[in-house]
file entry03.txt (compact mmCIF, C-alpha atoms and all ligand atoms)
# COMPACT_ATOMS: atom_id res chain seq x y z
CA MET K 1 -11.92 70.57 11.33
CA ASN K 2 -14.22 67.73 12.23
CA LYS K 3 -14.19 66.50 8.68
CA THR K 4 -10.35 66.26 8.51
CA ASN K 5 -10.30 64.34 11.83
CA SER K 6 -12.96 61.82 10.80
CA GLN K 7 -11.16 60.85 7.53
CA PRO K 8 -8.29 58.84 9.16
CA GLN K 9 -10.85 57.38 11.58
CA LYS K 10 -12.95 56.11 8.65
CA LYS K 11 -9.83 54.72 6.96
CA ARG K 12 -8.83 52.86 10.13
CA THR K 13 -12.32 51.37 10.42
CA LEU K 14 -12.18 50.31 6.75
CA TYR K 15 -8.75 48.64 7.21
CA THR K 16 -10.00 46.85 10.35
CA CYS K 17 -12.98 45.53 8.41
CA ILE K 18 -10.74 44.32 5.54
CA TYR K 19 -8.34 42.58 7.99
CA ALA K 20 -11.27 40.92 9.78
CA LEU K 21 -12.65 39.76 6.44
CA ILE K 22 -9.27 38.32 5.34
CA ILE K 23 -8.79 36.53 8.69
CA GLY K 24 -12.33 35.16 8.43
CA LEU K 25 -11.68 33.84 4.91
CA VAL K 26 -8.38 32.22 5.97
CA ILE K 27 -10.12 30.44 8.89
CA LEU K 28 -12.91 29.27 6.56
CA ALA K 29 -10.39 27.96 4.00
CA CYS K 30 -8.51 26.06 6.76
CA ALA K 31 -11.76 24.52 8.01
CA ILE K 32 -12.69 23.37 4.48
CA ILE K 33 -9.21 21.84 3.93
CA ILE K 34 -9.30 19.99 7.30
CA ALA K 35 -12.83 18.71 6.64
CA THR K 36 -11.81 17.47 3.16
CA ILE K 37 -8.70 15.69 4.49
CA SER K 38 -10.61 13.93 7.28
CA THR K 39 -13.31 12.82 4.84
CA GLN K 40 -10.66 11.36 2.50
CA ARG K 41 -8.93 9.57 5.38
CA GLY K 42 -12.28 8.17 6.47
CA LYS K 43 -12.79 6.71 3.03
CA THR K 44 -9.43 4.92 2.76
CA ASN K 45 -8.91 3.96 6.39
CA GLN K 46 -12.39 3.22 7.57
CA GLU K 47 -12.76 2.15 11.18
CA VAL K 48 -15.31 -0.60 11.62
CA GLY K 49 -16.86 -2.57 14.40
CA GLY K 50 -19.12 -1.89 17.31
CA SER K 51 -22.72 -2.65 18.12
CA GLU K 52 -23.98 0.23 15.98
CA ASP K 53 -22.81 -1.76 12.95
CA LEU K 54 -25.39 -4.49 13.48
CA VAL K 55 -27.01 -5.12 10.11
CA GLU K 56 -30.28 -6.82 9.35
CA VAL K 57 -30.15 -9.04 6.24
CA SER K 58 -33.41 -10.83 5.50
CA GLY K 59 -34.42 -10.64 9.14
CA SER K 60 -31.10 -11.97 10.48
CA SER K 61 -28.51 -9.94 12.40
CA TYR K 62 -24.84 -9.72 11.42
CA VAL K 63 -22.09 -7.94 13.31
CA VAL K 64 -18.68 -6.72 12.20
CA PRO K 65 -16.22 -9.21 13.77
CA MET K 66 -13.77 -6.66 15.16
CA PHE K 67 -14.01 -3.37 16.98
CA GLY K 68 -11.97 -0.39 15.79
CA ALA K 69 -10.29 -2.34 12.97
CA THR K 70 -9.55 -0.95 9.53
CA VAL K 71 -10.29 -2.78 6.29
CA CYS K 72 -6.83 -3.12 4.75
CA LYS K 73 -7.79 -5.40 1.85
CA ASP K 74 -11.29 -5.65 0.51
CA TYR K 75 -13.21 -8.38 -1.31
CA SER K 76 -13.19 -8.48 -5.08
CA SER K 77 -14.13 -11.37 -7.36
CA THR K 78 -12.65 -9.67 -10.42
CA LYS K 79 -9.90 -7.19 -9.47
CA LEU K 80 -6.34 -8.46 -9.01
CA GLN K 81 -4.79 -7.26 -5.75
CA PHE K 82 -1.08 -7.53 -4.88
CA ASN K 83 -0.12 -9.96 -2.12
CA ASN K 84 3.00 -8.59 -0.38
CA SER K 85 3.70 -11.91 1.36
CA LEU K 86 3.60 -14.12 -1.76
CA LYS K 87 4.84 -11.28 -4.01
CA GLN K 88 2.16 -11.98 -6.57
CA TRP K 89 -1.17 -10.64 -7.82
CA GLU K 90 -4.25 -12.51 -6.65
CA ILE K 91 -8.02 -12.46 -6.47
CA HIS K 92 -8.89 -11.81 -2.80
CA LYS K 93 -12.37 -13.17 -2.05
CA ALA K 94 -12.24 -12.06 1.58
CA VAL K 95 -12.00 -8.95 3.73
CA ASP K 96 -8.89 -8.32 5.82
CA PHE K 97 -9.27 -6.39 9.06
CA LEU K 98 -6.08 -4.77 10.32
CA VAL K 99 -5.77 -4.45 14.09
CA GLY K 100 -3.28 -4.71 16.92
CA GLU K 101 -1.90 -8.08 18.02
CA ASP K 102 -4.38 -10.08 20.14
CA ALA K 103 -7.39 -7.92 19.25
CA ASN K 104 -10.69 -9.72 19.83
CA VAL K 105 -12.53 -11.46 16.99
CA ALA K 106 -16.28 -12.08 17.29
CA ALA K 107 -18.69 -14.34 15.42
CA ILE K 108 -20.53 -12.37 12.72
CA HIS K 109 -23.78 -14.32 13.11
CA ASN K 110 -25.49 -17.01 15.21
CA GLY K 111 -24.26 -20.49 14.32
CA THR K 112 -22.34 -23.62 15.27
CA VAL K 113 -18.56 -24.02 15.14
CA SER K 114 -17.94 -26.65 12.46
CA LYS K 115 -14.12 -26.61 12.18
CA VAL K 116 -11.11 -25.41 14.15
CA TYR K 117 -7.74 -26.13 12.53
CA LYS K 118 -4.28 -24.81 11.93
CA ASN K 119 -1.91 -24.95 9.01
CA HIS K 120 1.09 -22.99 7.80
CA LEU K 121 -0.55 -21.07 4.96
CA GLU K 122 -3.83 -20.08 6.67
CA GLY K 123 -2.71 -19.94 10.31
CA THR K 124 -5.28 -20.85 12.96
CA VAL K 125 -8.76 -21.03 11.42
CA ILE K 126 -12.32 -21.18 12.82
CA VAL K 127 -15.29 -22.07 10.59
CA ILE K 128 -18.84 -21.33 11.78
CA ALA K 129 -21.83 -22.87 10.00
CA HIS K 130 -24.98 -20.73 9.93
CA SER K 131 -28.53 -21.89 9.35
CA ASN K 132 -29.04 -20.27 5.94
CA GLY K 133 -26.36 -22.06 3.89
CA LEU K 134 -23.76 -19.55 5.01
CA GLU K 135 -20.37 -20.27 6.52
CA SER K 136 -18.08 -17.66 8.05
CA ILE K 137 -14.37 -18.48 8.00
CA TYR K 138 -11.90 -16.67 10.26
CA LYS K 139 -8.20 -17.04 9.34
CA SER K 140 -4.93 -15.71 10.79
CA LEU K 141 -6.12 -16.20 14.39
CA SER K 142 -3.97 -16.74 17.45
CA GLU K 143 -3.63 -20.35 18.60
CA ASN K 144 -5.63 -19.85 21.82
CA VAL K 145 -9.12 -19.90 20.30
CA LYS K 146 -12.12 -19.46 22.61
CA VAL K 147 -14.41 -22.06 21.00
CA LYS K 148 -14.33 -25.72 19.94
CA VAL K 149 -16.14 -27.76 17.27
CA GLY K 150 -19.83 -28.14 18.17
CA ASP K 151 -20.07 -24.93 20.22
CA VAL K 152 -23.18 -22.87 19.52
CA VAL K 153 -22.23 -19.21 19.20
CA SER K 154 -24.22 -16.02 18.90
CA ALA K 155 -23.56 -12.91 16.81
CA GLY K 156 -20.92 -10.78 18.53
CA GLN K 157 -19.58 -13.59 20.73
CA LEU K 158 -15.81 -13.65 21.27
CA ILE K 159 -14.27 -16.61 19.40
CA GLY K 160 -10.54 -15.77 19.31
CA THR K 161 -7.93 -13.09 18.71
CA ALA K 162 -6.10 -11.82 15.62
CA SER K 163 -2.47 -12.57 14.88
CA ASP K 164 -0.03 -12.85 11.98
CA SER K 165 -0.26 -16.66 11.89
CA MET K 166 -1.37 -16.83 8.23
CA ALA K 167 1.81 -17.27 6.16
CA GLU K 168 -0.03 -16.36 2.93
CA GLU K 169 -0.61 -12.86 4.36
CA GLN K 170 2.10 -12.55 7.01
CA ALA K 171 3.47 -9.26 5.60
CA MET K 172 0.19 -7.62 6.66
CA GLY K 173 0.96 -8.23 10.35
CA ALA K 174 -1.73 -9.07 12.94
CA HIS K 175 -5.06 -9.13 11.13
CA LEU K 176 -8.24 -11.13 10.56
CA HIS K 177 -8.88 -12.64 7.12
CA LEU K 178 -12.66 -13.15 6.91
CA GLU K 179 -14.38 -15.18 4.22
CA ILE K 180 -18.12 -15.77 3.89
CA HIS K 181 -19.26 -18.74 1.81
CA LEU K 182 -22.80 -19.28 0.56
CA ASN K 183 -23.46 -22.94 -0.31
CA GLY K 184 -19.70 -23.43 -0.54
CA ASP K 185 -18.86 -20.45 -2.75
CA PRO K 186 -17.19 -17.22 -1.52
CA VAL K 187 -19.50 -14.20 -1.42
CA ASP K 188 -18.80 -10.55 -0.64
CA PRO K 189 -18.82 -9.93 3.17
CA ASN K 190 -19.88 -6.36 2.37
CA ASN K 191 -23.32 -7.78 1.56
CA TYR K 192 -23.69 -8.81 5.20
CA LEU K 193 -21.55 -6.37 7.17
CA SER K 194 -21.71 -2.60 7.39
CA LEU K 195 -18.05 -1.85 6.60
CA GLY K 196 -18.67 1.65 5.30
CA ASN K 197 -15.94 1.39 2.67
CA LYS K 198 -18.13 1.08 -0.38
ZN ZN K 201 -6.88 -11.84 3.27
call {"tool": "encode", "arguments": {"input": "entry03.txt", "output": "structure tokens"}}
result
Amino acid sequence: MNKTNSQPQKKRTLYTCIYALIIGLVILACAIIIATISTQRGKTNQEVGGSEDLVEVSGSSYVVPMFGATVCKDYSSTKLQFNNSLKQWEIHKAVDFLVGEDANVAAIHNGTVSKVYKNHLEGTVIVIAHSNGLESIYKSLSENVKVKVGDVVSAGQLIGTASDSMAEEQAMGAHLHLEIHLNGDPVDPNNYLSLGNK
């Protein structure tokens, strides 16, 4: 009598265990999929900026010039990249940071402002000369820049805000086009800034 009663009980327990196992596996699979998707998004749409991104290069400190921006076009000295504004392929020896209109732009390194100018193709531009043969060049800025030629600036200091003033890259919207030149030649900003996209 006892034996016949305990059989359905055992079966119920077995089914409960199987259901629990299946639910557990489904939850695990969902977690893996979500983790994979967020990792992929992180790779293609990397947020940059912030004091934690301070990088030491040969004893000098460099900071990412924008907070919470995404790198929308990276530096390459060899790969052709399509320019949606000019509708042509080009070599882009700069890094473009995509942000909202009027987002703050900071100096990447201590230096002296050597040029502030504006033209149709590049928009409003600030050039900062650094002590080690480096120049940082900030294009597509808003007109109301925060510095003038001769100003001494420190790494992380606010120098202006981003806009879509650069006709060459206007299709990108408000962004910062950052070039770094070493002894007059463009070099990869990724060598100086922790952009996390390489
Ligand atoms: Zn650019």
call {"tool": "axis_aligned_box", "arguments": {"input": "entry03.txt", "around": "stretch 100-108 of chain K", "padding_each_side": "8 Å", "output": "lines of an AutoDock Vina configuration file"}}
result
center_x = -11.2
center_y = -9.5
center_z = 16.4
size_x = 34.6
size_y = 25.6
size_z = 23.4
call {"tool": "residues_around", "arguments": {"input": "entry03.txt", "residues": "stretch 136-152 of chain K", "least_positions_apart": "3", "cutoff": "8 Å", "atoms": "all atoms listed in the file", "output": "NGL selection string"}}
result
:K and (102 or 108 or 110-116 or 122-130 or 158-166 or 174-181)
call {"tool": "atom_distance", "arguments": {"input": "entry03.txt", "atom1": "atom CA of K:Lys93", "atom2": "atom CA of K:Leu80"}}
result
10.3 Å
call {"tool": "atom_distance", "arguments": {"input": "entry03.txt", "atom1": "atom CA of K:Phe67", "atom2": "atom CA of K:Ser154"}}
result
16.4 Å
call {"tool": "closest_residue", "arguments": {"input": "entry03.txt", "among": "K:Asn132, K:Asn104, K:Ala167, K:Ser61", "to": "K:Lys118", "atoms": "all atoms listed in the file"}}
result
K:Ala167
call {"tool": "closest_residue", "arguments": {"input": "entry03.txt", "among": "K:Asn191, K:Ser131, K:Thr16, K:Ser85", "to": "ligand ZN 201 (chain K)", "atoms": "all atoms listed in the file"}}
result
K:Ser85
call {"tool": "atom_distance", "arguments": {"input": "entry03.txt", "atom1": "atom CA of K:Pro65", "atom2": "atom CA of K:Ala106"}}
result
4.5 Å
call {"tool": "residues_near_ligand", "arguments": {"input": "entry03.txt", "ligand": "ligand ZN 201 (chain K)", "cutoff": "7 Å", "atoms": "all atoms listed in the file", "output": "PyMOL selection string"}}
result
chain K and resi 73+92+94-96+169+177-178
call {"tool": "write_last_selection", "arguments": {"input": "entry03.txt", "atoms": "C-alpha atoms", "output": "short mmCIF file (atom, residue, chain, number, x, y, z; two decimals), keeping the file's coordinate frame"}}
result
data_model
loop_
_atom_site.label_atom_id
_atom_site.label_comp_id
_atom_site.auth_asym_id
_atom_site.auth_seq_id
_atom_site.Cartn_x
_atom_site.Cartn_y
_atom_site.Cartn_z
CA LYS K 73 -7.79 -5.40 1.85
CA HIS K 92 -8.89 -11.81 -2.80
CA ALA K 94 -12.24 -12.06 1.58
CA VAL K 95 -12.00 -8.95 3.73
CA ASP K 96 -8.89 -8.32 5.82
CA GLU K 169 -0.61 -12.86 4.36
CA HIS K 177 -8.88 -12.64 7.12
CA LEU K 178 -12.66 -13.15 6.91
#
call {"tool": "closest_residue", "arguments": {"input": "entry03.txt", "among": "K:Tyr117, K:Phe97, K:Trp89, K:Tyr75", "to": "K:Val187", "atoms": "only C-alpha atoms"}}
result
K:Tyr75
call {"tool": "closest_residue", "arguments": {"input": "entry03.txt", "among": "K:Asn84, K:Leu193, K:Leu14, K:Gly156", "to": "K:Gln170", "atoms": "all atoms listed in the file"}}
result
K:Asn84
call {"tool": "closest_residue", "arguments": {"input": "entry03.txt", "among": "K:Ala103, K:Leu86, K:Leu134, K:Val153", "to": "K:Ala69", "atoms": "only C-alpha atoms"}}
result
K:Ala103
